[in-house]
Structure formats: structure tokens, C-alpha cells
Amino acid sequence: MKHRHHACWTLIWLGVLLFVGMPLTGWAQTTVEGTVTDAEDGSPLPGVNVTVQNTQIGTLTDPDGTFTINVPADRNTLVFSFVGFQRTTVTLEEGQTSVEVSLEPDVVGLDEVVVTGLASSIARENLANSVETISSDDLAGRTNSQTLDGALSGKVAGAEISSYSGAPGGGMSVKLRGVSTINGNSQPLYIIDGVVVNNSAIPSNVNAVTQAAAGGSRSNQDNPVNRIADLNPQDIESIEILKGPSAAAIYGGRAANGVVIINTKSGASDATRVDFSQTLGATTIRKKLGTRQFTAETAEAAFGSEGRTLFLEAQNEGRFIDYEDELFGNTGLLSTTSLSISGGNEDTRFFLSGLLQNDDGIVERTGYDKRSVRLNLDHDLSDRIQLSGTVNYVNANTRRGLTGNDNSGTTFGVALTATPNFIDIRPDEDGNYPDHPFNASNPLQTRDLFTNQEVVNRTITSAQVEYTAFNTEQQSLRIIGQAGADFFSLESEALFPETLQFERTSPEPGTSILGETTSINTNVRLLGVHSYTLSDSDVTFTTQAGVTGVRIDQMTSNFVARGLIPGQQNLDQATSLSPSQVREVQNDRSFFAQEEVNIANQVIATVGVRGDRSTLNGDVDRFYLYPKASAALNIHNFAFWSADAVNQFKLRAAFGQTGNIAGFGTKFTSFEAVSVGGVAGTLINPQRGSADVEPERQTEIEAGIDLGLWDNRANLALTVYRKEITDQLLQREVPASTGFRLETFNGGTLLNRGVEATLALVPVERDRFSWNSRTSFWANDAEVTSLPVPAFRALGGGFGATLGEIRIEEGQSPTQIVGIDDRNGDGTSDGVFQLGDVAPDFQMSFTNDFTFYENLTLSVLAHWKKGGDNLNLSELLFDLSQTSPDFDEDSNNSGVPDGAERVGNVGVSAAQFVQDASYFRIREIGLFYDLPTGLLDRTFNGSLRSVRIGASARNWFTITPYKSYDPEVNNFGTQPVSNGVEVTPFPQSKELFFHLRVGL
């Protein structure tokens, strides 16, 4: 088999060498000089790409917008392209040696460059896939966001991006084009400046205290942070999102959930620029639920005679306390300071940035602090060799409190459900906290005395060298070498001192949970890109091929120490210590090849293949192949086209496959530590390893149409897709005679079908007022079409049919909610039925940017999610403690209070927990004013380039029928299928900011 692998590499590189050996032709030529300016203000544009049409000859404009290019005698057309501006062609008259060009802004992005391979790109006008592009203005130009994934919410057609926690530091679930897996990894592949980065959500193991998982084992219910949160959104130049296999196939076996390609900012061959920004803001709870207003009778009914006594004491003292406000009513200060310096000359460009971020949470002693510094360098060693490198260091400290599911009465939310407003659990003048009379913990004491934080130190670095072997009129060859590394260390600390109410009752009071994770991802690439234009024709071939390698090495250790010495947290002084350690190592090797042909920008076709092998597969030497093919037909570029009003009419179709590799350790049978009679030993895990496990495989067919009308004042993109996932990673029971209980195997089929549409408009474009609008619509329908095992509850899919659960079942949606229900009205359950679905019916986003007198801008992003249900188990816990704010209401005039009626239905129907989670939300709104350039010149003698002041808000306005803090919630974090399960979460907040940005 190894001989076959070597033969494959030999064929690929032999093809590249053949291109290198092709004859280089000479020609007569004319030297043409010129200047390129911005059509709006006449300023010179540096870095504009100037090429001779249908050749490989090109250059870039200098810092003053000038250029010089040699034009062959048989060519007379120059093409000018620049990001953010419309592509322009100029036909030279005979003997013409100079040209002046003004570029118009490209408001709909037809001329932006989009990645189509590991080392090639294409103008969006010629793109055959639906690829979403998010600019730096889209990310950070309207308002602030703590994290990158949060900044993407509501901006990507075809994506379900939702926050599963309101805790500082984020916590996001990102799914592209529906459910891509049932048991595998569900998050996209993130690539930053060519580096494959780690986006793990690493639990801190506070479940050892809250008992949210069986036996206190580590689980995904302790509100972990996605590590993509470490990236500074203000460093990003652009993001390209490859949503499905038809676009992501070139990334192979790790791209089943889509690929997010992030390019950070770089310097320009221009004068040094300094940009400073300061943002100050405040965060408050988005919505309060309220509290039940008791009487002496209802207090006694809920909490017995002690409840009546405590209520009368509070009534006599006029002391009723809003504990929801006590816990979640903090107004947190938000502060972000950033500084960047960029510039360079013709040979060297640099970008240096720094960030200081300090965000408080709506719960006291919670917050998110981040420090980061970045340096990006580009250097032209010669006309043929270009070097570039990036290094980014991040230090982050996250304090997320203690919320979510809880079986011990210790988290803030669960304790709140058992806290009526007539008791007083506040500290006295000496700082002593009374015990909670109706709960295992005093949430105010826990909040003020416990510690739960994690500190991350992270470095992401990359380097690239690009060698142009030759560049002639007909052909060019580039050889590119890339290497990158992503290293972070994470230290988590959770300390529960013995003075806490629930710790004092423990056999071993005082708990310390310490965790440490070290992770390093390294990747290398060697790529070759050859372009060849046929003589005397408009046909260009672009060939690329290469090899890549990725290594992932992550180790997590966690220690739970109990019975601490008072005032100490030393592990070696505890009465008991429970350690755990997991090391995950993965090595992937890949090759790829792709051929693209462009016929006069009329027909653009691409075929390619990637081969991947991984140490996580059962057969570590086997290469799994992932093909791709696409075609775009620009009908408007054909000679017969005469519809002047329609300046773009493109039909496109694409096919591709990607994979999803099994989790670490799936193919092995592991051991477990055990203690028998105080003697340590080892047992075999009841899950048998699967030596023949393979990656899941996704196959997608996508088709679409793009229309541009009235000089691109209107642009419509419509895409439909069909994505089938086969060889799902499933579990099945095995005969007891084997000595095992379960094993993982490949089987089953999942189907997603969807539609995406985006309409970009420029309704008004005047000197004193302009309006840009963008509306997106997307919907996805998923179905389990084949399931070779009995129906089962999805991982993290709830707590059983009595309370409602997300069940995987053949012929049904993978996100269906099922539960018991009383269908005949006799007061008893009639069985298990489908009660709802987590997936929305559709989503829409509306972005509108208004500019007044060129200096005042108003931008609004609205997001509408129609349909989609949540399991609201927070209401259940409030009802069981009889503290629900609406407990005494009688909304259906039945004569029974609503709360009592809901409690009476527990065990009869789960339908009451399934609630509509639709919403309409103003996600972002920003109002900014740019001081006029003339005023700055007169006032500061030209020392200031720009000054912008403004105000913005995030999540400020939401309409939803959902009956809890926020419709975006999930107790189980980033689980593949299980969104929308709520158990007393950290409430979502709304934020208000004031901004100052100064450019020197």
C-alpha cells in the first residue's frame, strides 16, 4: 500500500514539473504607465491589481496609486481590480503609453476575491458555490462583541449560530446547513492565516460538586467556553465561510461541518498609520422573570409552617427581597481599548495591534478579561520570493459563575427557584451568611465566596514563503510553503471553601477542583499553482496540487480534592483526591489536486480531489478520497446578451464530499481505574473498540442563480442544496457473551435539504443620503432516512420522555422533541408522542446601512427566527418550589392556579415544557459620526487622519413568546443535535456602548 502512496505523490509532482518545463515565450511589448484613484474622493489607491487581460502579466499600484506595466504587442486591454471596488477594464489605443483610471465602490461585492482552493482564489462573479464573506466592517464596524462567533450571529445565511449561555466569555453553537452529525464533532473547522486552530470547549468539572452528571463525572453541562473566543474580532480583515461539502471538499475529512477561513489584517505600502479606539459600555440583564408575590397562606402552602412564620416576619418588617435582582441585577462595566500601527514600503509591510478588554458580567464577580497582541509581517525578498509571517499572543481570564443543571441545589439558578422573597439570606454586618432554610445552599454566599475561573495563555503563529518560478504572458508557476502552530495552556480553578452551607454538611467539607490543559496543533502545507492561458484565446487553466500534514496533541488533567484544611486549597493536604487525565494525539496526512478552466469569464469549471488519512481511522494507512466539481455559466458575458438592465446573470452548480472523523479512542478498547476494598485495580471499559471505524461521509449537490440588476444596484443570490450524510457514527448493543455492552459502528443516513437567498439593494444613492440594504432568508429540513438501531435519545437530548427529550428515530427529524402526553384528556399519559422540533422553520436577517451627508451613519441588524422549540425545564423547577412569578394566575379560567396546574401535569404530559422559541431581535444597532476632514485639518494641522464618535447597542430589543430569560439557550453546550434544553442558565444580557476611534 505504501508503494501506491509514493506513486500517487510522484504523479502529482511530475505534473507540476512538466508545467515548469514548458517553453517560455518572448514578445514585443509596450511600457504603459498610469494612476488609479478612488472615484468618490479622488484619493490614490495603493495595492490595486493591474493585469493584461487573458495573460499572466500583472503588477500592483504604488503607495501613490501609480503603476508601470509591460503590455505585449498583441494585447490592448488592462484589467483593474481592488477589494471593495468594481473591476474596471480599459482598452488602450494604438501607441497609448499612459492611462488614468477611477474605480467605483463595489457595494454588492461582485469583484471581491473568494478562496476556491488551498492556494487559489476567484472573483465572486465567477464563483460556482455559495460562499459567505464577512468583512471587518460587518464584524466590528457596527458594535462590539466579546467573541468572534458572537459577532457572526445573524449574519450568515444557512447558519444556525446561537448563544447557549449568557455568561461572560461567550459560549456559542455554530451549525452550517443543518445537522451534520448525530454523535460526531459538530463545529466548523477554523483556519486562521493558514493555521488549523483548536476550538475545543473544555469542561472545568464543577459537575463534581453540582452532580449534574451521573456520579459527578465530567460532562458537558458545566458551561465551557469555545476556544475561538480567544481571537480578537478587530484583528480580522475578512472571513469566508464554506457552508457545505460542495465548497469545503478541498479540506476533506475534517470539513463536514463547514470551514471558516479567517484572514487577519496586514499592512500596506503606504505611510505609517496609527489607529486607536476606546469603547466603554454597560451590560444589564435582558429580561427578568419576576418573582411570586406570597401571602401568609400561600407561603405556608409552599413552605410549611416555617414559611408562614418567615413571611409574617418579613411583612412586619416591610422586607421583601427581589433575589433575581440580587443575583442577576449587576450592571457590568464593559471596556475595550485597542491600538494598531500599520504601514510599510514597496518591500516590507507590517501590522501591529494590541487589545485590552475588561468585561464585567450581570452577576457580581463574573467577567471576561482579555489581553492580546498581534504582529503580521510581509516582505518581498525579491520579485520572485515573498515572505509573510504572523504571531498572535492572547491572555484571557474567564469567570463564569455557577449556573445550569444541578442535582445538589448549589448553582445560582437552581437555588433561586427555591428562594421566596420573604426570607433574608443576605450577610450580616460581620459578613456572616445565614443558612438558606429551604435549599442546600445560600446562592449569595456561594456567589461571594466561591471561585470558578480559567486562565488561558495562547500563541498562534504562521509563516509562508511563496516562490514565483516564472511569470510570462501565457503562464505562471507559484510554489508555496506554509507552516503554522496553535499552542495554548488552560488552567481552571474551582474552589468551594468549607464555610459554604452545602460544604459544611459534606463528609469532607471544602472542595478544590484544579484542571490543566495543554494543546498544540501544528500544520504544514506544500502547494504548487500553475496558470496557463492558451495562445490567442481567452481560455485559462489554473492547476494546483499539494500535500498537507496536521498534528494535534492535547492533554487534560483534572484533580478533585475534598476535605481541605480551612483557608487552604493545597491538594496534598486534602483528605481525598480524585485525579483524571486524558491525552489525545492525532496525525493527519493529505494530498489534493484541482483543475480550473476559465473560458472568457463565460464558463468556469472546476474539478478536484482530496485524499486524507488519519490515525483516528480504523485503517491508519488508507486514504479516503473526497472529490469536488463545479461549474458557473456567466450568461451576461456572452456576445448575444443584450439586456442592459441585467448586468449579471449566472447559473451555477456544484458537487462535493467531505468527512467527519471518529472521536479519539473510538477504535480502541480502553481501561478504567477501579478501587475494590481499597485496593486499586483496572477494569475493561464496557464499550468495545471498533477496529474498522471509518469517517462519516457527506455528499452535497448545490445549485443556484445570481442576478445583478441596474449596474448592480440590486443583486440576488438564490441557492438550493441537498446534503446526505452516510456512514454515521452510531452505537449499538452487543451480546453480553462478548463481555461488552456497546460498540461504535458506521451506519445510517441523514438527509438535509435547504434553500438560501440573499437580496442586496442600493435603494438610494445620493450625495446627501445613501441606503444599502441586505436581506437574507434560509431554511433547512432534516430527516433520518435510515437508522439500523432502535430509536434513542440524542446525546445531551434532555432527561427522558417524562420531561421531553430529543430522539433520533428513522423517518423523523433528528431534532424532534418527543415526550409523554395525555391525548384523550383522562388525566393519565397515553404514551410517547412527537411534541415539537428544535430546528426553526426558517430564519431571516435584515441589514440596513444609512449614510447622511457622508459623515453620519446609522446601521441596524435585525434577525428573525420563525419556529423552533425549547424544553423549558427552568419553569418546572420554579413550579416545583411554587415560586413561579405566574404561579397564582389562572390564564385558562379553570379555577386552578397556573402553577398548580402545571405541577399536576408532571408525569402526565411533557407538552407543557415544549415552548415556542421564535424571536425577532435587533441584534446590533450603531450610530456613528465621522468628523469632516476639513475640520480635522484646520483644527489639528493635518495630524489626525480621522475621528469617529458613536454609540451602539447589542441585543437591545427582542420579541419572543418564549417564557424564560432568552430563546437562545442550551444546557448541553455544543452537542451536535441537542439545542434548546434549558435548566436555569446564566441569563442573556443586553449591552450599550460608546465609541471613540482616532486615526493618525
# chains A, B, ... in the order shown; residues from 1 in each chain; ligands from 1
call {"tool": "select_by_dssp", "arguments": {"residues": "region 160-364 of chain A", "states": "strand (DSSP E or B)", "output": "PyMOL selection string"}}
result
chain A and resi 160-163+172-176+189-192+195-196+201+226+236-242+259-264+273-285+332-344+348-360
call {"tool": "residues_around", "arguments": {"residues": "Ile565 (chain A)", "least_positions_apart": "6", "cutoff": "10 Å", "atoms": "only C-alpha atoms", "output": "list in words"}}
result
Pro497, Glu498, Pro509, Gly510, Thr511, Leu571, Gln573, Ala574 and Thr575 of chain A
call {"tool": "residues_around", "arguments": {"residues": "Thr181 (chain A)", "least_positions_apart": "3", "cutoff": "9 Å", "atoms": "only C-alpha atoms", "output": "ChimeraX atom specification"}}
result
/A:184-186,256-257,660,696,725,728-729,750,976-977
call {"tool": "write_last_selection", "arguments": {"atoms": "C-alpha atoms", "output": "PDB file, in the first residue's frame"}}
result
ATOM      1  CA  GLY A 184     -19.531  13.228  15.950  1.00  0.00           C
ATOM      2  CA  ASN A 185     -17.926  16.656  16.111  1.00  0.00           C
ATOM      3  CA  SER A 186     -20.461  19.292  15.035  1.00  0.00           C
ATOM      4  CA  ALA A 256     -18.042  18.001   7.352  1.00  0.00           C
ATOM      5  CA  ASN A 257     -19.399  20.904   9.394  1.00  0.00           C
ATOM      6  CA  ASN A 660     -16.155  13.616   9.777  1.00  0.00           C
ATOM      7  CA  GLU A 696     -18.730   9.769   8.252  1.00  0.00           C
ATOM      8  CA  ILE A 725     -24.628  12.064   5.435  1.00  0.00           C
ATOM      9  CA  GLN A 728     -22.977   7.828  10.572  1.00  0.00           C
ATOM     10  CA  LEU A 729     -21.056   7.151  13.775  1.00  0.00           C
ATOM     11  CA  LEU A 750     -29.180  11.608   7.447  1.00  0.00           C
ATOM     12  CA  PRO A 976     -24.418  18.009  17.680  1.00  0.00           C
ATOM     13  CA  VAL A 977     -28.211  17.720  17.886  1.00  0.00           C
TER      14      VAL A 977
END
call {"tool": "closest_residue", "arguments": {"among": "A:Gln315, A:Ser135, A:Thr77, A:Gln915", "to": "Gln96 (chain A)", "atoms": "only C-alpha atoms"}}
result
A:Thr77
call {"tool": "residues_around", "arguments": {"residues": "Thr974 (chain A)", "least_positions_apart": "6", "cutoff": "12 Å", "atoms": "only C-alpha atoms", "output": "JSON, numbers by chain"}}
result
{"A": [160, 161, 162, 163, 164, 165, 171, 172, 173, 174, 175, 182, 183, 184, 185, 186, 187, 188, 199, 200, 201, 202, 203, 219, 220, 221, 222, 223, 224, 225, 226, 795, 796, 797, 980, 981]}
call {"tool": "residues_around", "arguments": {"residues": "Asn848 (chain A)", "least_positions_apart": "3", "cutoff": "12 Å", "atoms": "only C-alpha atoms", "output": "list in words"}}
result
Asp138, Arg142, Leu759, Ala760, Leu761, Val762, Pro763, Val764, Ser770, Trp771, Asn772, Ser773, Arg774, Thr775, Ser776, Ser845, Thr851, Thr857, Leu858, Ser859, Val860, Leu861, Ala862, His863, Ile922, Glu924, Ile925 and Gly926 of chain A
call {"tool": "residues_around", "arguments": {"residues": "Ala157 (chain A)", "least_positions_apart": "5", "cutoff": "10 Å", "atoms": "only C-alpha atoms", "output": "PyMOL selection string"}}
result
chain A and resi 130-132+176-177+243+755-758+775-779+843-845
call {"tool": "write_last_selection", "arguments": {"atoms": "N, CA, C and O atoms", "output": "compact mmCIF listing (two decimals), in the first residue's frame"}}
result
# COMPACT_ATOMS: atom_id res chain seq x y z
N SER A 130 -21.96 28.81 -3.19
CA SER A 130 -22.44 29.83 -2.27
C SER A 130 -21.46 29.93 -1.11
O SER A 130 -21.43 29.07 -0.23
N VAL A 131 -20.62 30.94 -1.14
CA VAL A 131 -19.62 31.17 -0.10
C VAL A 131 -19.92 32.51 0.55
O VAL A 131 -20.01 33.54 -0.12
N GLU A 132 -20.09 32.50 1.87
CA GLU A 132 -20.40 33.73 2.59
C GLU A 132 -19.11 34.47 2.92
O GLU A 132 -18.14 33.86 3.39
N LEU A 176 -23.80 24.79 10.33
CA LEU A 176 -23.94 25.27 8.97
C LEU A 176 -24.75 24.26 8.15
O LEU A 176 -24.41 23.08 8.10
N ARG A 177 -25.84 24.73 7.57
CA ARG A 177 -26.71 23.91 6.73
C ARG A 177 -27.22 22.67 7.47
O ARG A 177 -27.09 21.54 7.00
N LYS A 243 -19.92 26.69 3.54
CA LYS A 243 -21.01 26.15 4.34
C LYS A 243 -21.28 24.67 4.11
O LYS A 243 -21.84 24.00 4.98
N VAL A 755 -32.67 25.82 1.42
CA VAL A 755 -32.65 26.94 0.47
C VAL A 755 -32.07 28.15 1.18
O VAL A 755 -32.28 28.36 2.38
N GLU A 756 -31.29 28.94 0.43
CA GLU A 756 -30.71 30.19 0.92
C GLU A 756 -30.91 31.26 -0.14
O GLU A 756 -30.71 31.00 -1.33
N ALA A 757 -31.30 32.43 0.28
CA ALA A 757 -31.50 33.54 -0.66
C ALA A 757 -31.03 34.83 -0.01
O ALA A 757 -31.31 35.08 1.17
N THR A 758 -30.32 35.63 -0.78
CA THR A 758 -29.84 36.92 -0.29
C THR A 758 -30.12 37.98 -1.35
O THR A 758 -29.81 37.79 -2.53
N THR A 775 -30.97 41.60 2.69
CA THR A 775 -31.94 40.71 3.32
C THR A 775 -31.59 39.27 2.96
O THR A 775 -31.38 38.96 1.79
N SER A 776 -31.53 38.41 3.98
CA SER A 776 -31.21 37.01 3.75
C SER A 776 -32.32 36.13 4.32
O SER A 776 -32.91 36.44 5.35
N PHE A 777 -32.56 35.04 3.62
CA PHE A 777 -33.55 34.05 4.05
C PHE A 777 -32.91 32.68 3.94
O PHE A 777 -32.23 32.38 2.95
N TRP A 778 -33.11 31.82 4.95
CA TRP A 778 -32.61 30.47 4.84
C TRP A 778 -33.48 29.51 5.65
O TRP A 778 -34.05 29.86 6.68
N ALA A 779 -33.59 28.28 5.12
CA ALA A 779 -34.39 27.24 5.77
C ALA A 779 -33.74 25.91 5.46
O ALA A 779 -33.17 25.70 4.38
N GLN A 843 -35.19 31.20 8.94
CA GLN A 843 -34.59 32.37 9.56
C GLN A 843 -34.40 33.45 8.51
O GLN A 843 -34.23 33.16 7.33
N MET A 844 -34.44 34.70 8.97
CA MET A 844 -34.19 35.84 8.10
C MET A 844 -33.35 36.87 8.85
O MET A 844 -33.47 37.00 10.07
N SER A 845 -32.52 37.57 8.11
CA SER A 845 -31.78 38.69 8.69
C SER A 845 -31.93 39.90 7.79
O SER A 845 -32.07 39.77 6.56
call {"tool": "select_by_dssp", "arguments": {"residues": "region 374-617 of chain A", "states": "alpha helix (DSSP H)", "output": "ChimeraX atom specification"}}
result
/A:412-417,443-449,501-504
call {"tool": "write_last_selection", "arguments": {"atoms": "N, CA, C and O atoms", "output": "PDB file, in the first residue's frame"}}
result
ATOM      1  N   PHE A 412     -26.524  28.864  41.049  1.00  0.00           N
ATOM      2  CA  PHE A 412     -27.297  30.086  41.313  1.00  0.00           C
ATOM      3  C   PHE A 412     -28.758  29.907  40.919  1.00  0.00           C
ATOM      4  O   PHE A 412     -29.671  30.269  41.668  1.00  0.00           O
ATOM      5  N   GLY A 413     -28.975  29.398  39.706  1.00  0.00           N
ATOM      6  CA  GLY A 413     -30.334  29.325  39.184  1.00  0.00           C
ATOM      7  C   GLY A 413     -31.208  28.352  39.937  1.00  0.00           C
ATOM      8  O   GLY A 413     -32.364  28.656  40.262  1.00  0.00           O
ATOM      9  N   VAL A 414     -30.698  27.149  40.227  1.00  0.00           N
ATOM     10  CA  VAL A 414     -31.492  26.163  40.951  1.00  0.00           C
ATOM     11  C   VAL A 414     -31.782  26.662  42.359  1.00  0.00           C
ATOM     12  O   VAL A 414     -32.901  26.502  42.874  1.00  0.00           O
ATOM     13  N   ALA A 415     -30.794  27.290  42.995  1.00  0.00           N
ATOM     14  CA  ALA A 415     -31.029  27.845  44.334  1.00  0.00           C
ATOM     15  C   ALA A 415     -32.075  28.956  44.281  1.00  0.00           C
ATOM     16  O   ALA A 415     -32.909  29.084  45.189  1.00  0.00           O
ATOM     17  N   LEU A 416     -32.057  29.754  43.206  1.00  0.00           N
ATOM     18  CA  LEU A 416     -33.028  30.836  43.086  1.00  0.00           C
ATOM     19  C   LEU A 416     -34.451  30.296  43.021  1.00  0.00           C
ATOM     20  O   LEU A 416     -35.379  30.901  43.578  1.00  0.00           O
ATOM     21  N   THR A 417     -34.646  29.167  42.358  1.00  0.00           N
ATOM     22  CA  THR A 417     -36.004  28.629  42.242  1.00  0.00           C
ATOM     23  C   THR A 417     -36.591  28.266  43.605  1.00  0.00           C
ATOM     24  O   THR A 417     -37.819  28.218  43.750  1.00  0.00           O
ATOM     25  N   PRO A 443     -27.328  31.029  47.724  1.00  0.00           N
ATOM     26  CA  PRO A 443     -26.692  31.436  46.467  1.00  0.00           C
ATOM     27  C   PRO A 443     -25.872  32.716  46.604  1.00  0.00           C
ATOM     28  O   PRO A 443     -24.888  32.893  45.869  1.00  0.00           O
ATOM     29  N   LEU A 444     -26.252  33.628  47.507  1.00  0.00           N
ATOM     30  CA  LEU A 444     -25.462  34.843  47.696  1.00  0.00           C
ATOM     31  C   LEU A 444     -24.115  34.504  48.329  1.00  0.00           C
ATOM     32  O   LEU A 444     -23.084  35.074  47.965  1.00  0.00           O
ATOM     33  N   GLN A 445     -24.113  33.577  49.265  1.00  0.00           N
ATOM     34  CA  GLN A 445     -22.872  33.137  49.883  1.00  0.00           C
ATOM     35  C   GLN A 445     -21.976  32.440  48.863  1.00  0.00           C
ATOM     36  O   GLN A 445     -20.769  32.691  48.791  1.00  0.00           O
ATOM     37  N   THR A 446     -22.575  31.556  48.063  1.00  0.00           N
ATOM     38  CA  THR A 446     -21.791  30.860  47.041  1.00  0.00           C
ATOM     39  C   THR A 446     -21.186  31.851  46.066  1.00  0.00           C
ATOM     40  O   THR A 446     -19.991  31.771  45.739  1.00  0.00           O
ATOM     41  N   ARG A 447     -21.995  32.794  45.598  1.00  0.00           N
ATOM     42  CA  ARG A 447     -21.500  33.798  44.639  1.00  0.00           C
ATOM     43  C   ARG A 447     -20.321  34.575  45.203  1.00  0.00           C
ATOM     44  O   ARG A 447     -19.330  34.826  44.500  1.00  0.00           O
ATOM     45  N   ASP A 448     -20.392  34.961  46.481  1.00  0.00           N
ATOM     46  CA  ASP A 448     -19.401  35.863  47.057  1.00  0.00           C
ATOM     47  C   ASP A 448     -18.144  35.155  47.536  1.00  0.00           C
ATOM     48  O   ASP A 448     -17.084  35.789  47.634  1.00  0.00           O
ATOM     49  N   LEU A 449     -18.221  33.866  47.848  1.00  0.00           N
ATOM     50  CA  LEU A 449     -17.088  33.198  48.485  1.00  0.00           C
ATOM     51  C   LEU A 449     -16.427  32.127  47.616  1.00  0.00           C
ATOM     52  O   LEU A 449     -15.278  31.771  47.882  1.00  0.00           O
ATOM     53  N   GLN A 501     -22.539  26.740  52.886  1.00  0.00           N
ATOM     54  CA  GLN A 501     -23.588  25.963  53.549  1.00  0.00           C
ATOM     55  C   GLN A 501     -23.569  24.493  53.125  1.00  0.00           C
ATOM     56  O   GLN A 501     -23.611  23.591  53.962  1.00  0.00           O
ATOM     57  N   PHE A 502     -23.503  24.224  51.828  1.00  0.00           N
ATOM     58  CA  PHE A 502     -23.570  22.842  51.369  1.00  0.00           C
ATOM     59  C   PHE A 502     -22.277  22.084  51.627  1.00  0.00           C
ATOM     60  O   PHE A 502     -22.272  20.851  51.701  1.00  0.00           O
ATOM     61  N   GLU A 503     -21.156  22.795  51.775  1.00  0.00           N
ATOM     62  CA  GLU A 503     -19.904  22.115  52.087  1.00  0.00           C
ATOM     63  C   GLU A 503     -19.863  21.693  53.560  1.00  0.00           C
ATOM     64  O   GLU A 503     -19.316  20.643  53.904  1.00  0.00           O
ATOM     65  N   ARG A 504     -20.459  22.485  54.441  1.00  0.00           N
ATOM     66  CA  ARG A 504     -20.431  22.151  55.876  1.00  0.00           C
ATOM     67  C   ARG A 504     -21.151  20.853  56.164  1.00  0.00           C
ATOM     68  O   ARG A 504     -20.832  20.153  57.130  1.00  0.00           O
TER      69      ARG A 504
END
call {"tool": "atom_distance", "arguments": {"atom1": "CA of Ser952 (chain A)", "atom2": "CA of Glu991 (chain A)"}}
result
8.4 Å
